[in-house]
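Have a look at my_file_21.pdb below; it lists PDB, C-alpha atoms.
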ATOM      1  CA  MET F   1      78.766  32.852  73.825
ATOM      2  CA  LYS F   2      79.077  31.805  70.171
ATOM      3  CA  ARG F   3      81.975  32.240  67.774
ATOM      4  CA  THR F   4      81.569  33.445  64.216
ATOM      5  CA  THR F   5      83.706  34.610  61.327
ATOM      6  CA  ILE F   6      82.931  37.680  59.254
ATOM      7  CA  ALA F   7      84.623  39.321  56.286
ATOM      8  CA  LEU F   8      85.402  43.034  56.641
ATOM      9  CA  SER F   9      86.904  45.576  54.315
ATOM     10  CA  ASP F  10      90.362  46.799  55.301
ATOM     11  CA  ASP F  11      88.919  50.214  56.196
ATOM     12  CA  VAL F  12      86.322  48.758  58.554
ATOM     13  CA  PHE F  13      88.840  46.460  60.228
ATOM     14  CA  GLU F  14      91.280  49.343  60.760
ATOM     15  CA  ALA F  15      88.474  51.446  62.255
ATOM     16  CA  LEU F  16      87.631  48.580  64.640
ATOM     17  CA  GLN F  17      91.262  48.284  65.667
ATOM     18  CA  ARG F  18      91.430  52.031  66.363
ATOM     19  CA  ALA F  19      88.227  51.873  68.425
ATOM     20  CA  ALA F  20      89.614  48.949  70.422
ATOM     21  CA  ARG F  21      92.882  50.782  71.122
ATOM     22  CA  ARG F  22      91.017  53.931  72.186
ATOM     23  CA  GLY F  23      88.855  51.912  74.555
ATOM     24  CA  HIS F  24      91.726  49.749  75.817
ATOM     25  CA  THR F  25      89.767  46.640  74.861
ATOM     26  CA  SER F  26      89.686  43.930  72.208
ATOM     27  CA  VAL F  27      88.279  44.153  68.693
ATOM     28  CA  SER F  28      85.866  41.362  69.686
ATOM     29  CA  GLU F  29      84.504  43.434  72.561
ATOM     30  CA  VAL F  30      84.046  46.461  70.298
ATOM     31  CA  VAL F  31      82.125  44.332  67.784
ATOM     32  CA  ARG F  32      79.945  42.765  70.516
ATOM     33  CA  THR F  33      79.116  46.187  71.947
ATOM     34  CA  MET F  34      78.325  47.701  68.542
ATOM     35  CA  LEU F  35      76.170  44.772  67.473
ATOM     36  CA  ALA F  36      74.247  44.808  70.744
ATOM     37  CA  ALA F  37      73.596  48.542  70.352
ATOM     38  CA  GLN F  38      72.538  48.151  66.713
ATOM     39  CA  LEU F  39      70.129  45.348  67.630
ATOM     40  CA  GLY F  40      68.618  47.340  70.500
ATOM     41  CA  MET F  41      70.133  45.145  73.176
ATOM     42  CA  ALA F  42      72.021  46.217  76.244
ATOM     43  CA  ALA F  43      75.376  44.467  76.297
ATOM     44  CA  GLY F  44      74.790  41.262  78.219
ATOM     45  CA  GLY F  45      71.197  42.172  79.022
ATOM     46  CA  GLU F  46      67.700  41.691  77.758
ATOM     47  CA  ARG F  47      66.593  43.062  74.405
ATOM     48  CA  ALA F  48      64.687  46.319  74.587
ATOM     49  CA  LEU F  49      61.146  46.258  73.214
ATOM     50  CA  PRO F  50      61.126  49.099  70.665
ATOM     51  CA  PHE F  51      57.412  48.640  69.984
ATOM     52  CA  ALA F  52      56.349  49.021  73.626
ATOM     53  CA  ASN F  53      53.844  51.885  73.940
ATOM     54  CA  LEU F  54      53.652  52.051  70.154
ATOM     55  CA  GLY F  55      49.869  52.118  70.246
ATOM     56  CA  ARG F  56      49.635  54.652  73.037
ATOM     57  CA  SER F  57      48.076  57.649  71.293
ATOM     58  CA  GLY F  58      46.942  59.607  74.306
ATOM     59  CA  GLN F  59      43.357  59.491  73.034
ATOM     60  CA  THR F  60      40.657  57.793  75.079
ATOM     61  CA  ASN F  61      38.233  57.095  72.236
ATOM     62  CA  VAL F  62      40.324  54.651  70.184
ATOM     63  CA  ALA F  63      38.727  51.448  71.483
ATOM     64  CA  ARG F  64      35.231  52.906  71.234
ATOM     65  CA  ASP F  65      35.746  54.210  67.679
ATOM     66  CA  MET F  66      37.877  51.356  66.339
ATOM     67  CA  GLU F  67      35.524  50.746  63.407
ATOM     68  CA  THR F  68      35.440  54.329  62.118
ATOM     69  CA  LEU F  69      39.042  55.422  62.732
ATOM     70  CA  PRO F  70      40.551  53.353  59.867
ATOM     71  CA  GLU F  71      37.930  54.750  57.476
ATOM     72  CA  GLU F  72      38.773  58.306  58.470
ATOM     73  CA  GLY F  73      42.532  57.826  58.156
ATOM     74  CA  TRP F  74      42.642  55.729  54.975
ATOM     75  CA  THR F  75      41.679  57.499  51.782
ATOM     76  CA  PRO F  76      41.683  55.955  48.278
ATOM     77  CA  ASP F  77      44.479  58.260  47.087
ATOM     78  CA  ARG F  78      46.818  57.217  49.906
ATOM     79  CA  ASP F  79      49.839  55.104  48.940
ATOM     80  CA  ARG F  80      49.531  51.556  50.169
TER      81      ARG F  80
END
Translate the structure of the given file into structure tokens.
Amino acid sequence: MKRTTIALSDDVFEALQRAARRGHTSVSEVVRTMLAAQLGMAAGGERALPFANLGRSGQTNVARDMETLPEEGWTPDRDR
């Protein structure tokens, strides 16, 4: 575990203190839990892979038609 120092506004620090009191835990534990959740990591576990199954379209012709699909979906008037 690493130590770090961060600067927080008074409002944010007070909100962290309230969350720690509600959860009967330390401010440090609240921050660790919130950061892990924000970064897509289970507390103390492996990072989730948010892009897993990203390319799973449910279509069976994607590999076969890989040359023509970009042409069909990309028109000159589309924002790049």
As lines of an AutoDock Vina configuration file, please report the centre and edge lengths, rounded to one decimal in Å, of the axis-aligned box that holds all listed atoms of region 1-19 of chain F with 3 Å of padding on each of the six sides.
center_x = 85.1
center_y = 41.9
center_z = 64.1
size_x = 18.7
size_y = 26.2
size_z = 25.5
*Between F:Gly23, F:Ser28, F:Gln59, F:Thr68, which has the minimum distance to Ile6 (chain F) (counting all atoms listed in the file)?*
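Using all atoms listed in the file, the shortest distance to Ile6 (chain F) belongs to F:Ser28.
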*So how many Å separate CA of Leu16 (chain F) and CA of Met34 (chain F), to one decimal?*
10.1 Å
*Might you pull out every residue within 12 Å of Thr33 (chain F), with only C-alpha atoms counted and same-chain residues fewer than 2 positions away left off, and present them as a list in words?*
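The contact residues come out as Leu16, Ala19, Ala20, Gly23, Thr25, Ser26, Val27, Ser28, Glu29, Val30, Val31, Leu35, Ala36, Ala37, Gln38, Leu39, Gly40, Met41, Ala42, Ala43, Gly44 and Gly45 of chain F.
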Using C-alpha atoms, can you write the selected residues to a file as a tab-separated table (two decimals), in the coordinates of the input?
chain	number	residue	atom	x	y	z
F	16	LEU	CA	87.63	48.58	64.64
F	19	ALA	CA	88.23	51.87	68.42
F	20	ALA	CA	89.61	48.95	70.42
F	23	GLY	CA	88.86	51.91	74.56
F	25	THR	CA	89.77	46.64	74.86
F	26	SER	CA	89.69	43.93	72.21
F	27	VAL	CA	88.28	44.15	68.69
F	28	SER	CA	85.87	41.36	69.69
F	29	GLU	CA	84.50	43.43	72.56
F	30	VAL	CA	84.05	46.46	70.30
F	31	VAL	CA	82.12	44.33	67.78
F	35	LEU	CA	76.17	44.77	67.47
F	36	ALA	CA	74.25	44.81	70.74
F	37	ALA	CA	73.60	48.54	70.35
F	38	GLN	CA	72.54	48.15	66.71
F	39	LEU	CA	70.13	45.35	67.63
F	40	GLY	CA	68.62	47.34	70.50
F	41	MET	CA	70.13	45.14	73.18
F	42	ALA	CA	72.02	46.22	76.24
F	43	ALA	CA	75.38	44.47	76.30
F	44	GLY	CA	74.79	41.26	78.22
F	45	GLY	CA	71.20	42.17	79.02
*Between CA of His24 (chain F) and CA of Asp11 (chain F), what is the distance, to one decimal in Å?*
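Those two atoms sit 19.8 Å apart.
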